[in-house]
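Engineer: So I've got this file, coords.csv, and it contains CSV, C-alpha atoms and all ligand atoms:
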chain,number,residue,atom,x,y,z
A,1,MET,CA,157.9,-128.7,-103.3
A,2,PRO,CA,155.5,-127.0,-105.6
A,3,THR,CA,154.9,-123.3,-104.8
A,4,SER,CA,152.1,-121.1,-105.8
A,5,ASN,CA,154.2,-118.3,-107.3
A,6,PRO,CA,156.9,-120.1,-109.3
A,7,VAL,CA,157.2,-117.6,-112.2
A,8,PRO,CA,159.7,-114.9,-111.4
A,9,ALA,CA,159.7,-113.0,-114.7
A,10,ALA,CA,158.1,-109.5,-114.7
A,11,HIS,CA,155.1,-109.1,-117.0
A,12,THR,CA,154.0,-106.1,-119.1
A,13,PRO,CA,150.2,-106.2,-119.5
A,14,ALA,CA,148.9,-106.2,-123.0
A,15,PRO,CA,145.9,-104.0,-124.1
A,16,GLY,CA,142.5,-105.5,-123.1
A,17,GLU,CA,143.9,-108.3,-121.0
A,18,PRO,CA,143.2,-108.6,-117.3
A,19,VAL,CA,146.0,-107.5,-115.0
A,20,LEU,CA,147.3,-110.0,-112.5
A,21,VAL,CA,149.3,-108.9,-109.4
A,22,LEU,CA,151.0,-111.6,-107.2
A,23,LEU,CA,151.7,-110.8,-103.5
A,24,SER,CA,154.5,-112.5,-101.6
A,25,PRO,CA,155.4,-111.8,-98.0
A,26,GLY,CA,158.3,-109.3,-97.7
A,27,ALA,CA,158.4,-108.6,-101.5
A,28,ASP,CA,157.0,-105.9,-103.7
A,29,PRO,CA,153.8,-106.9,-105.6
A,30,ARG,CA,154.7,-108.3,-109.0
A,31,LEU,CA,152.7,-108.1,-112.3
A,32,ALA,CA,152.4,-111.5,-113.8
A,33,ASP,CA,150.9,-113.1,-117.0
A,34,PRO,CA,147.3,-113.8,-116.3
A,35,ALA,CA,147.3,-116.5,-119.0
A,36,ALA,CA,150.2,-118.4,-117.4
A,37,PRO,CA,149.7,-121.0,-114.6
A,38,HIS,CA,150.5,-119.7,-111.1
A,39,LEU,CA,148.7,-122.0,-108.7
A,40,SER,CA,149.9,-125.4,-107.4
A,41,VAL,CA,147.4,-128.2,-108.0
A,42,THR,CA,147.7,-128.9,-104.3
A,43,ASP,CA,146.6,-125.3,-103.4
A,44,GLN,CA,143.8,-125.7,-100.9
A,45,GLY,CA,142.0,-122.9,-102.5
A,46,VAL,CA,141.3,-125.2,-105.4
A,47,THR,CA,141.3,-128.6,-103.6
A,48,ARG,CA,138.9,-127.5,-100.9
A,49,GLY,CA,137.6,-124.0,-101.7
A,50,ASP,CA,139.6,-123.0,-98.6
A,51,GLY,CA,140.2,-119.3,-99.0
A,52,LEU,CA,138.5,-116.0,-99.3
A,53,PHE,CA,138.0,-113.2,-101.7
A,54,GLU,CA,136.8,-109.6,-102.2
A,55,THR,CA,135.4,-108.0,-105.3
A,56,ALA,CA,135.7,-104.3,-105.4
A,57,LEU,CA,135.0,-101.7,-108.1
A,58,ALA,CA,137.5,-99.2,-109.5
A,59,VAL,CA,136.1,-96.3,-111.5
A,60,ALA,CA,138.1,-93.7,-113.6
A,61,ASP,CA,137.5,-90.1,-112.7
A,62,GLU,CA,137.3,-87.1,-115.1
A,63,THR,CA,141.1,-87.2,-115.4
A,64,GLY,CA,141.1,-90.9,-116.3
A,65,THR,CA,142.6,-91.9,-113.0
A,66,PHE,CA,141.2,-95.0,-111.4
A,67,ALA,CA,140.1,-94.9,-107.8
A,68,LEU,CA,138.9,-97.9,-105.8
A,69,ARG,CA,135.4,-97.6,-104.3
A,70,LYS,CA,135.1,-98.1,-100.5
A,71,LEU,CA,138.5,-99.8,-100.3
A,72,GLY,CA,138.7,-99.5,-96.5
A,73,ALA,CA,135.5,-101.4,-96.1
A,74,HIS,CA,136.7,-104.2,-98.5
A,75,LEU,CA,140.0,-104.5,-96.8
A,76,GLY,CA,138.3,-104.6,-93.4
A,77,ARG,CA,136.0,-107.4,-94.6
A,78,LEU,CA,138.9,-109.2,-96.1
A,79,ALA,CA,140.7,-109.1,-92.7
A,80,SER,CA,137.5,-110.3,-91.0
A,81,SER,CA,137.1,-113.2,-93.4
A,82,ALA,CA,140.8,-114.1,-92.9
A,83,ASP,CA,140.3,-114.1,-89.2
A,84,ALA,CA,137.2,-116.3,-89.4
A,85,LEU,CA,139.2,-118.8,-91.6
A,86,GLY,CA,142.4,-118.6,-89.6
A,87,ILE,CA,144.4,-117.6,-92.7
A,88,ALA,CA,147.4,-115.2,-92.3
A,89,ALA,CA,146.3,-113.0,-95.2
A,90,PRO,CA,148.3,-110.0,-96.3
A,91,GLY,CA,147.4,-106.8,-94.5
A,92,PRO,CA,146.0,-103.5,-95.9
A,93,GLU,CA,149.4,-102.1,-97.0
A,94,PRO,CA,150.5,-104.9,-99.3
A,95,TRP,CA,147.0,-104.9,-100.8
A,96,ARG,CA,147.0,-101.2,-101.4
A,97,ALA,CA,150.4,-101.5,-103.0
A,98,ALA,CA,149.2,-104.5,-105.2
A,99,ILE,CA,146.1,-102.6,-106.3
A,100,GLU,CA,148.1,-99.5,-107.1
A,101,ALA,CA,150.6,-101.6,-109.2
A,102,GLY,CA,147.7,-103.3,-111.0
A,103,LEU,CA,145.9,-100.0,-111.7
A,104,ALA,CA,149.1,-98.5,-113.0
A,105,GLY,CA,149.8,-101.6,-115.1
A,106,PHE,CA,146.3,-101.4,-116.6
A,107,ALA,CA,146.5,-97.6,-117.3
A,108,ALA,CA,149.9,-98.1,-119.0
A,109,ALA,CA,148.5,-100.7,-121.4
A,110,ASN,CA,145.1,-99.2,-122.1
A,111,PRO,CA,143.5,-95.9,-123.0
A,112,VAL,CA,141.3,-94.9,-120.0
A,113,ALA,CA,138.2,-92.8,-120.3
A,114,PRO,CA,136.3,-91.2,-117.5
A,115,GLY,CA,133.8,-93.6,-116.1
A,116,ASP,CA,135.7,-96.7,-117.2
A,117,ARG,CA,135.3,-99.5,-114.6
A,118,LEU,CA,137.5,-102.4,-113.4
A,119,SER,CA,136.4,-105.3,-111.2
A,120,VAL,CA,139.2,-105.7,-108.7
A,121,ARG,CA,139.2,-109.2,-107.2
A,122,LEU,CA,141.5,-109.9,-104.2
A,123,THR,CA,141.9,-113.6,-103.5
A,124,VAL,CA,143.7,-115.4,-100.7
A,125,THR,CA,143.9,-119.2,-100.4
A,126,ARG,CA,145.2,-121.3,-97.5
A,127,GLY,CA,148.1,-122.2,-99.9
A,128,PRO,CA,149.6,-125.5,-101.2
A,129,GLU,CA,149.3,-128.5,-98.9
A,130,ALA,CA,152.3,-128.5,-96.5
A,131,PRO,CA,154.0,-131.5,-94.9
A,132,ALA,CA,152.7,-132.5,-91.5
A,133,GLY,CA,153.7,-129.9,-88.8
A,134,VAL,CA,154.5,-127.2,-91.3
A,135,GLU,CA,152.2,-124.3,-91.6
A,136,ALA,CA,150.8,-123.8,-95.2
A,137,ARG,CA,151.8,-120.5,-96.8
A,138,PRO,CA,148.9,-118.6,-98.1
A,139,THR,CA,148.7,-117.7,-101.8
A,140,ALA,CA,147.5,-114.2,-102.6
A,141,TRP,CA,146.8,-112.2,-105.8
A,142,ALA,CA,144.8,-109.3,-107.2
A,143,LEU,CA,143.1,-109.6,-110.6
A,144,LEU,CA,141.8,-106.5,-112.4
A,145,THR,CA,139.3,-107.0,-115.2
A,146,PRO,CA,137.4,-104.5,-117.3
A,147,ALA,CA,133.8,-104.5,-116.0
A,148,ALA,CA,130.8,-103.5,-118.1
A,149,ARG,CA,128.5,-100.9,-116.6
A,150,THR,CA,125.0,-102.1,-115.7
A,151,SER,CA,122.9,-100.7,-118.6
A,152,ASP,CA,120.2,-98.1,-117.8
A,153,ALA,CA,117.7,-100.5,-119.4
A,154,GLU,CA,118.8,-103.4,-117.1
A,155,ARG,CA,118.6,-101.1,-114.1
A,156,ALA,CA,115.2,-99.7,-115.1
A,157,GLU,CA,113.7,-103.1,-115.9
A,158,GLY,CA,114.9,-105.0,-112.8
A,159,VAL,CA,115.4,-108.7,-112.1
A,160,ARG,CA,113.1,-111.6,-111.4
A,161,VAL,CA,114.1,-113.5,-108.3
A,162,LEU,CA,113.2,-116.8,-106.8
A,163,LEU,CA,113.2,-117.4,-103.1
A,164,LEU,CA,115.3,-120.5,-102.6
A,165,GLU,CA,115.9,-122.2,-99.3
A,166,ARG,CA,119.6,-122.4,-98.3
A,167,GLY,CA,118.8,-125.3,-95.9
A,168,LEU,CA,120.2,-124.0,-92.7
A,169,ASP,CA,118.2,-122.9,-89.7
A,170,SER,CA,119.1,-119.4,-88.8
A,171,ALA,CA,119.3,-120.2,-85.1
A,172,ALA,CA,121.9,-123.0,-85.8
A,173,VAL,CA,124.0,-120.4,-87.7
A,174,GLU,CA,124.2,-118.1,-84.7
A,175,GLY,CA,126.2,-120.6,-82.6
A,176,ALA,CA,128.2,-122.2,-85.4
A,177,PRO,CA,131.1,-120.0,-86.4
A,178,TRP,CA,132.5,-122.9,-88.5
A,179,LEU,CA,129.7,-122.4,-91.0
A,180,LEU,CA,131.5,-119.2,-91.9
A,181,THR,CA,128.3,-117.5,-93.0
A,182,GLY,CA,129.7,-114.0,-92.3
A,183,ALA,CA,132.9,-114.6,-94.3
A,184,LYS,CA,133.4,-114.2,-98.0
A,185,THR,CA,134.9,-117.6,-98.6
A,186,LEU,CA,135.8,-119.1,-101.9
A,187,SER,CA,133.1,-121.8,-101.5
A,188,TYR,CA,130.6,-120.3,-103.9
A,189,ALA,CA,129.6,-123.5,-105.8
A,190,VAL,CA,126.2,-123.5,-104.0
A,191,ASN,CA,125.6,-119.9,-104.8
A,192,MET,CA,126.4,-120.4,-108.5
A,193,ALA,CA,124.2,-123.5,-108.6
A,194,ALA,CA,121.3,-121.5,-107.1
A,195,LEU,CA,121.8,-118.9,-109.9
A,196,ARG,CA,121.8,-121.6,-112.6
A,197,HIS,CA,118.6,-123.0,-111.0
A,198,ALA,CA,116.9,-119.6,-111.2
A,199,LYS,CA,117.9,-119.2,-114.8
A,200,ALA,CA,116.6,-122.6,-115.7
A,201,HIS,CA,113.3,-121.6,-114.1
A,202,GLY,CA,112.6,-118.3,-115.8
A,203,ALA,CA,114.2,-116.0,-113.2
A,204,ASP,CA,117.4,-113.9,-113.2
A,205,ASP,CA,118.5,-114.1,-109.6
A,206,VAL,CA,117.9,-115.5,-106.1
A,207,VAL,CA,117.1,-114.5,-102.6
A,208,PHE,CA,118.1,-117.3,-100.2
A,209,THR,CA,115.8,-118.1,-97.2
A,210,SER,CA,116.7,-119.9,-94.0
A,211,ALA,CA,115.1,-123.2,-93.1
A,212,ASP,CA,113.1,-121.4,-90.5
A,213,GLY,CA,111.7,-119.0,-93.1
A,214,TYR,CA,113.8,-115.8,-92.9
A,215,LEU,CA,115.0,-113.8,-95.9
A,216,LEU,CA,118.8,-113.8,-96.2
A,217,GLU,CA,120.7,-112.5,-99.2
A,218,GLY,CA,121.3,-113.1,-102.9
A,219,PRO,CA,124.1,-115.5,-104.0
A,220,THR,CA,126.3,-112.4,-104.8
A,221,SER,CA,124.3,-109.5,-103.4
A,222,THR,CA,122.5,-108.0,-100.4
A,223,LEU,CA,118.8,-107.6,-100.2
A,224,LEU,CA,117.4,-104.1,-99.4
A,225,LEU,CA,113.8,-103.1,-99.0
A,226,ALA,CA,112.3,-99.6,-98.7
A,227,ARG,CA,109.1,-98.8,-96.9
A,228,THR,CA,107.2,-95.6,-96.0
A,229,GLY,CA,105.8,-95.4,-92.4
A,230,ALA,CA,102.3,-94.1,-91.6
A,231,ASP,CA,103.9,-90.8,-90.6
A,232,GLY,CA,105.6,-90.6,-94.1
A,233,THR,CA,109.1,-91.4,-92.9
A,234,ARG,CA,111.1,-93.5,-95.3
A,235,ARG,CA,112.8,-96.6,-94.0
A,236,ILE,CA,115.4,-98.8,-95.6
A,237,VAL,CA,115.7,-102.4,-94.3
A,238,THR,CA,118.1,-105.2,-94.8
A,239,PRO,CA,118.0,-108.7,-93.3
A,240,LEU,CA,119.4,-109.3,-89.8
A,241,ARG,CA,123.0,-110.3,-90.2
A,242,GLN,CA,122.9,-112.7,-87.3
A,243,LYS,CA,120.6,-114.9,-89.4
A,244,GLY,CA,123.7,-115.9,-91.4
A,245,ILE,CA,124.5,-113.5,-94.1
A,246,LEU,CA,127.6,-111.6,-95.4
A,247,ALA,CA,127.6,-108.0,-94.3
A,248,GLY,CA,127.6,-106.1,-97.6
A,249,THR,CA,129.9,-103.1,-98.2
A,250,SER,CA,127.4,-101.6,-100.6
A,251,GLN,CA,124.6,-101.9,-98.1
A,252,SER,CA,126.7,-100.2,-95.5
A,253,VAL,CA,127.5,-97.2,-97.7
A,254,ILE,CA,123.9,-96.9,-98.8
A,255,PHE,CA,122.6,-97.1,-95.2
A,256,ALA,CA,125.0,-94.4,-94.1
A,257,ALA,CA,123.9,-92.1,-96.8
A,258,ALA,CA,120.2,-92.9,-96.2
A,259,GLU,CA,120.6,-92.1,-92.5
A,260,ALA,CA,122.3,-88.8,-93.4
A,261,ALA,CA,119.3,-88.0,-95.6
A,262,GLY,CA,116.9,-88.6,-92.7
A,263,TRP,CA,115.8,-92.1,-93.5
A,264,ARG,CA,115.3,-94.7,-90.7
A,265,LEU,CA,117.4,-97.8,-90.8
A,266,GLY,CA,116.2,-101.4,-90.1
A,267,TYR,CA,118.1,-104.6,-89.8
A,268,GLY,CA,115.3,-107.3,-90.1
A,269,PRO,CA,114.6,-110.0,-89.2
A,270,LEU,CA,112.6,-110.2,-92.5
A,271,ALA,CA,110.3,-112.9,-93.6
A,272,PRO,CA,108.7,-113.2,-97.1
A,273,ALA,CA,105.4,-111.7,-95.8
A,274,ASP,CA,107.4,-108.5,-95.0
A,275,LEU,CA,107.9,-108.0,-98.8
A,276,ASP,CA,104.2,-107.1,-99.1
A,277,GLY,CA,103.7,-103.3,-98.9
A,278,ALA,CA,107.3,-102.5,-99.7
A,279,ASP,CA,108.0,-99.4,-101.9
A,280,GLY,CA,110.7,-101.4,-103.6
A,281,LEU,CA,113.2,-104.2,-103.2
A,282,TRP,CA,116.8,-104.3,-104.5
A,283,LEU,CA,119.8,-106.5,-104.8
A,284,VAL,CA,122.9,-104.5,-104.3
A,285,SER,CA,126.6,-105.4,-104.8
A,286,SER,CA,129.8,-103.6,-105.5
A,287,VAL,CA,130.2,-104.2,-109.3
A,288,ARG,CA,126.6,-104.6,-110.5
A,289,GLY,CA,125.4,-101.8,-108.2
A,290,VAL,CA,121.7,-101.3,-107.3
A,291,LEU,CA,119.3,-103.6,-109.2
A,292,PRO,CA,115.6,-103.4,-108.6
A,293,ILE,CA,113.6,-106.6,-108.1
A,294,ARG,CA,110.6,-106.8,-110.3
A,295,THR,CA,109.1,-110.2,-109.4
A,296,VAL,CA,109.5,-112.5,-106.5
A,297,ASP,CA,108.5,-116.1,-107.3
A,298,GLY,CA,106.6,-114.8,-110.3
A,299,ARG,CA,104.6,-112.1,-108.3
A,300,ASP,CA,105.1,-108.5,-109.4
A,301,VAL,CA,106.6,-106.1,-106.9
A,302,PRO,CA,106.7,-102.3,-107.3
A,303,VAL,CA,109.7,-100.9,-109.2
A,304,ASP,CA,110.4,-97.3,-108.4
A,305,ALA,CA,113.0,-95.9,-110.8
A,306,GLU,CA,113.5,-92.7,-108.8
A,307,LEU,CA,114.3,-94.7,-105.6
A,308,THR,CA,116.6,-96.9,-107.6
A,309,GLU,CA,118.4,-93.9,-108.9
A,310,ARG,CA,118.7,-92.4,-105.4
A,311,LEU,CA,120.2,-95.6,-103.9
A,312,GLN,CA,122.6,-95.9,-106.8
A,313,ALA,CA,123.7,-92.3,-106.4
A,314,TRP,CA,124.3,-92.9,-102.7
A,315,LEU,CA,126.4,-95.9,-103.6
A,316,ASP,CA,128.3,-93.9,-106.2
A,317,ALA,CA,129.0,-91.1,-103.7
A,318,ASP,CA,131.3,-93.7,-102.1
A,319,GLY,CA,131.1,-92.7,-98.5
A,320,ASP,CA,133.7,-95.3,-97.6
A,321,PRO,CA,133.1,-96.2,-93.9
A,322,GLY,CA,136.8,-97.1,-93.8
A,323,VAL,CA,136.0,-100.1,-91.7
A,324,HIS,CA,134.0,-103.3,-92.0
A,325,VAL,CA,130.9,-103.6,-89.7
A,326,SER,CA,129.9,-107.2,-89.4
A,327,GLY,CA,127.3,-106.9,-86.6
A,328,ASP,CA,123.9,-105.4,-86.6
A,329,PRO,CA,124.5,-101.9,-85.3
A,330,ILE,CA,120.9,-100.9,-85.0
A,331,ARG,CA,117.8,-103.0,-84.2
A,332,ASP,CA,114.7,-101.4,-85.6
A,333,GLU,CA,111.9,-103.9,-85.8
A,334,ASP,CA,108.8,-101.8,-85.2
B,1,LIG,C1,126.8,-113.5,-100.6
B,1,LIG,C2,127.0,-112.0,-100.9
B,1,LIG,N1,126.3,-111.1,-100.2
B,1,LIG,C3,126.4,-109.8,-100.5
B,1,LIG,C4,127.3,-109.4,-101.4
B,1,LIG,C5,127.4,-107.9,-101.7
B,1,LIG,O1,128.6,-107.4,-101.1
B,1,LIG,P1,129.2,-106.0,-101.5
B,1,LIG,O2,128.2,-105.0,-101.5
B,1,LIG,O3,130.3,-105.8,-100.5
B,1,LIG,O4,129.8,-106.2,-102.9
B,1,LIG,C6,128.1,-110.3,-102.1
B,1,LIG,C7,129.1,-109.8,-103.0
B,1,LIG,O5,129.7,-110.5,-103.8
B,1,LIG,C8,128.0,-111.6,-101.8
B,1,LIG,O6,128.7,-112.5,-102.4
Once you've parsed the file, please lay out its structure as structure tokens.
Ligand SMILES: Cc1ncc(COP(=O)(O)O)c(C=O)c1O
Structural biologist:
Amino acid sequence: MPTSNPVPAAHTPAPGEPVLVLLSPGADPRLADPAAPHLSVTDQGVTRGDGLFETALAVADETGTFALRKLGAHLGRLASSADALGIAAPGPEPWRAAIEAGLAGFAAANPVAPGDRLSVRLTVTRGPEAPAGVEARPTAWALLTPAARTSDAERAEGVRVLLLERGLDSAAVEGAPWLLTGAKTLSYAVNMAALRHAKAHGADDVVFTSADGYLLEGPTSTLLLARTGADGTRRIVTPLRQKGILAGTSQSVIFAAAEAAGWRLGYGPLAPADLDGADGLWLVSSVRGVLPIRTVDGRDVPVDAELTERLQAWLDADGDPGVHVSGDPIRDED
């Protein structure tokens, strides 16, 4: 029977190449050649997109040592996605060991300067098709790839987004766990198609909307909005998660820091009309960070460089919540 990890030889990473770490139950994580085949063609991750992933950011500190940002939140969300999919994914300890092995492998093969960044992608699939009555064995690996820093110019300029309907009524999502909207599954073909559509129509990114008109999220990011109340209090708002979005780890770190700084927090629901009067809108995610939105469907929206910098600094401060919060902890709709 084909297995997903058939290559037993140890691998020494070469300079500049991604570092691949394979996980197997009961065994130490193993560095493997990222250019060699490791997946069975019957693996349900590729035949059905049946699996999950996390993408985290590792940044080298002043001593050139990599540390993974908000790892607890990523591992918590991974466990929550695995639960939603019913996949027996590796737990936090095997992942921590695999990441450590991968970071050590990268550092042994490459000069590391303070501020260098790696995208650390953790993937679990349901595994190769198994005979009837036999439980499939999940396939799991971590892939570490050098990641470019979002340039100051890109961060200052911002992105043009289109609002694109995702085609699901948000009320239907609430009672339909099989839609997996709160899990980070491998089924991202629709998200990638939406990004291609935006690029073919003069935009850079997308904010999905529900069929009943709510703002949801970007294909690979969370939407944030800042407002100032009549009394001068700042508020940061993100769409209501129950409407069918992935709870972002970046959003959660930024919200915790904003609250500590005296901002009020809001969890939607948000409709396109709520964008009017905002001080700024952003797409946030672990690797790209905080990106201001400069147009929505071709209409200019305010870009506030100072606010962008502040949100990015909150994200960089890495207040790892240590856990993944998938609900809507605070309802603040006034
Ligand atoms: C659909 C979706 N929403 C939000 C995010 C942002 O999540 P995080 O901030 O945890 O990277 C991602 C990240 O890839 C995503 O794919």
Engineer: In Å, with one decimal, what is the gap from atom CA of Gly248 of chain A to atom CA of Arg299 of chain A?
Structural biologist: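 Atom-to-atom, atom CA of Gly248 of chain A to atom CA of Arg299 of chain A, that is 26.1 Å.
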Engineer: Produce a table with one row for each residue of segment 157-226 of chain A that has an atom at most 9 Å from any atom of segment 62-84 of chain A, each row naming the nearest atom pair and its distance in Å at one decimal; use only C-alpha atoms; arrange rows by chain and rising residue number; format as a Markdown table.
Structural biologist:
| residue | atom | partner | partner_atom | distance |
| --- | --- | --- | --- | --- |
| A:Pro177 | CA | A:Ala84 | CA | 7.7 |
| A:Trp178 | CA | A:Ala84 | CA | 8.2 |
| A:Leu180 | CA | A:Ala84 | CA | 6.9 |
| A:Gly182 | CA | A:Ser81 | CA | 7.5 |
| A:Ala183 | CA | A:Ser81 | CA | 4.5 |
| A:Lys184 | CA | A:Ser81 | CA | 6.0 |
| A:Thr185 | CA | A:Ser81 | CA | 7.2 |
Engineer: Residues of chain A that have any atom at most 9 Å from an atom of ligand LIG 1 (chain B): could you tabulate them with the shortest-distance atom pair and the distance in Å to one decimal, using all atoms listed in the file, ordered by chain and increasing number, as JSON lines?
Structural biologist:
{"residue": "A:Phe53", "atom": "CA", "partner": "B:LIG1", "partner_atom": "O5", "distance": 9.0}
{"residue": "A:Glu54", "atom": "CA", "partner": "B:LIG1", "partner_atom": "O5", "distance": 7.3}
{"residue": "A:Thr55", "atom": "CA", "partner": "B:LIG1", "partner_atom": "O4", "distance": 6.4}
{"residue": "A:Ala56", "atom": "CA", "partner": "B:LIG1", "partner_atom": "O4", "distance": 6.7}
{"residue": "A:Leu57", "atom": "CA", "partner": "B:LIG1", "partner_atom": "O4", "distance": 8.6}
{"residue": "A:Ala73", "atom": "CA", "partner": "B:LIG1", "partner_atom": "O3", "distance": 8.1}
{"residue": "A:His74", "atom": "CA", "partner": "B:LIG1", "partner_atom": "O3", "distance": 6.9}
{"residue": "A:Arg77", "atom": "CA", "partner": "B:LIG1", "partner_atom": "O3", "distance": 8.4}
{"residue": "A:Thr181", "atom": "CA", "partner": "B:LIG1", "partner_atom": "C1", "distance": 8.7}
{"residue": "A:Gly182", "atom": "CA", "partner": "B:LIG1", "partner_atom": "C1", "distance": 8.8}
{"residue": "A:Ala183", "atom": "CA", "partner": "B:LIG1", "partner_atom": "C1", "distance": 8.8}
{"residue": "A:Lys184", "atom": "CA", "partner": "B:LIG1", "partner_atom": "O6", "distance": 6.7}
{"residue": "A:Thr185", "atom": "CA", "partner": "B:LIG1", "partner_atom": "O6", "distance": 8.9}
{"residue": "A:Tyr188", "atom": "CA", "partner": "B:LIG1", "partner_atom": "O6", "distance": 8.2}
{"residue": "A:Asn191", "atom": "CA", "partner": "B:LIG1", "partner_atom": "C1", "distance": 7.7}
{"residue": "A:Leu216", "atom": "CA", "partner": "B:LIG1", "partner_atom": "N1", "distance": 8.9}
{"residue": "A:Glu217", "atom": "CA", "partner": "B:LIG1", "partner_atom": "N1", "distance": 5.9}
{"residue": "A:Gly218", "atom": "CA", "partner": "B:LIG1", "partner_atom": "C1", "distance": 6.0}
{"residue": "A:Pro219", "atom": "CA", "partner": "B:LIG1", "partner_atom": "C1", "distance": 4.8}
{"residue": "A:Thr220", "atom": "CA", "partner": "B:LIG1", "partner_atom": "O6", "distance": 3.4}
{"residue": "A:Ser221", "atom": "CA", "partner": "B:LIG1", "partner_atom": "C3", "distance": 3.6}
{"residue": "A:Thr222", "atom": "CA", "partner": "B:LIG1", "partner_atom": "C3", "distance": 4.3}
{"residue": "A:Leu223", "atom": "CA", "partner": "B:LIG1", "partner_atom": "C3", "distance": 7.9}
{"residue": "A:Ile245", "atom": "CA", "partner": "B:LIG1", "partner_atom": "N1", "distance": 6.8}
{"residue": "A:Leu246", "atom": "CA", "partner": "B:LIG1", "partner_atom": "N1", "distance": 5.0}
{"residue": "A:Ala247", "atom": "CA", "partner": "B:LIG1", "partner_atom": "C3", "distance": 6.6}
{"residue": "A:Gly248", "atom": "CA", "partner": "B:LIG1", "partner_atom": "O1", "distance": 3.9}
{"residue": "A:Thr249", "atom": "CA", "partner": "B:LIG1", "partner_atom": "O3", "distance": 3.6}
{"residue": "A:Ser250", "atom": "CA", "partner": "B:LIG1", "partner_atom": "O2", "distance": 3.6}
{"residue": "A:Gln251", "atom": "CA", "partner": "B:LIG1", "partner_atom": "O2", "distance": 5.8}
{"residue": "A:Ser252", "atom": "CA", "partner": "B:LIG1", "partner_atom": "O2", "distance": 7.8}
{"residue": "A:Val253", "atom": "CA", "partner": "B:LIG1", "partner_atom": "O2", "distance": 8.7}
{"residue": "A:Leu283", "atom": "CA", "partner": "B:LIG1", "partner_atom": "C5", "distance": 8.3}
{"residue": "A:Val284", "atom": "CA", "partner": "B:LIG1", "partner_atom": "O2", "distance": 6.0}
{"residue": "A:Ser285", "atom": "CA", "partner": "B:LIG1", "partner_atom": "O2", "distance": 3.7}
{"residue": "A:Ser286", "atom": "CA", "partner": "B:LIG1", "partner_atom": "O4", "distance": 3.7}
{"residue": "A:Val287", "atom": "CA", "partner": "B:LIG1", "partner_atom": "O4", "distance": 6.7}
{"residue": "A:Arg288", "atom": "CA", "partner": "B:LIG1", "partner_atom": "O4", "distance": 8.4}
{"residue": "A:Gly289", "atom": "CA", "partner": "B:LIG1", "partner_atom": "O2", "distance": 7.9}
Engineer: As an exercise, work out the distance from atom CA of Leu164 of chain A to atom CA of Gly280 of chain A in Å and give it to one decimal place.
Structural biologist: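 So the answer is 19.7 Å.
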Engineer: With distances taken over all atoms listed in the file, which residue among A:Val161, A:Val112, A:Ala140, A:Leu168 lies nearest Trp282 of chain A?
Structural biologist: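 Selected residue with least distance to Trp282 of chain A: A:Val161.
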Engineer: With only C-alpha atoms as the counted atoms, please give the residues lying no more than 12 Å from Val46 of chain A, apart from itself and same-chain residues fewer than 3 positions off, as a list in words.
Structural biologist: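 Residues meeting the cut-off are Ser4, Leu39, Ser40, Val41, Thr42, Asp43, Gly49, Asp50, Gly51, Leu52, Thr123, Val124, Thr125, Arg126, Gly127, Pro128, Glu129, Thr139, Leu186, Ser187, Tyr188 and Ala189 of chain A.
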Engineer: Please report the interatomic distance between atom CA of Leu118 of chain A and atom CA of Leu311 of chain A in Å with one decimal.
Structural biologist: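 Interatomic distance here is 20.9 Å.
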Engineer: For the point (111.6, -107.4, -93.3) in file coordinates, what residues are within 8 Å, counting all atoms listed in the file? Give the answer as a VMD selection string?
Structural biologist: chain A and resid 215 225 237 to 239 267 to 275
Engineer: Counting only C-alpha atoms, which residue out of A:Arg264, A:Arg121, A:Lys243, A:Arg96 sits closest to Ala171 of chain A?
Structural biologist: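 Using only C-alpha atoms, Ala171 of chain A sits closest to A:Lys243.
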Engineer: With only C-alpha atoms as the atoms that count, which of A:Pro13, A:Gly266, A:Pro25, A:Pro138 lies nearest to Leu85 of chain A?
Structural biologist: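 Using only C-alpha atoms, Leu85 of chain A sits closest to A:Pro138.
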Engineer: May I have the residues at most 9 Å from (114.0, -112.2, -105.4) in the file's coordinates, counting all atoms listed in the file, as a PyMOL selection string?
Structural biologist: chain A and resi 159-164+203-208+218+223+281-283+293-297
Engineer: Rank nothing, just name the residue among A:Ala278, A:Ala193, A:Ala88, A:Ala14 nearest to Ala109 of chain A, using only C-alpha atoms.
Structural biologist: A:Ala14
Engineer: Taking 3 positions as the minimum chain separation for residues in the same chain, which residues sit within 10 Å of Ala130 of chain A when counting all atoms listed in the file? Answer as a PyMOL selection string.
Structural biologist: chain A and resi 1-2+42-44+127+133-137
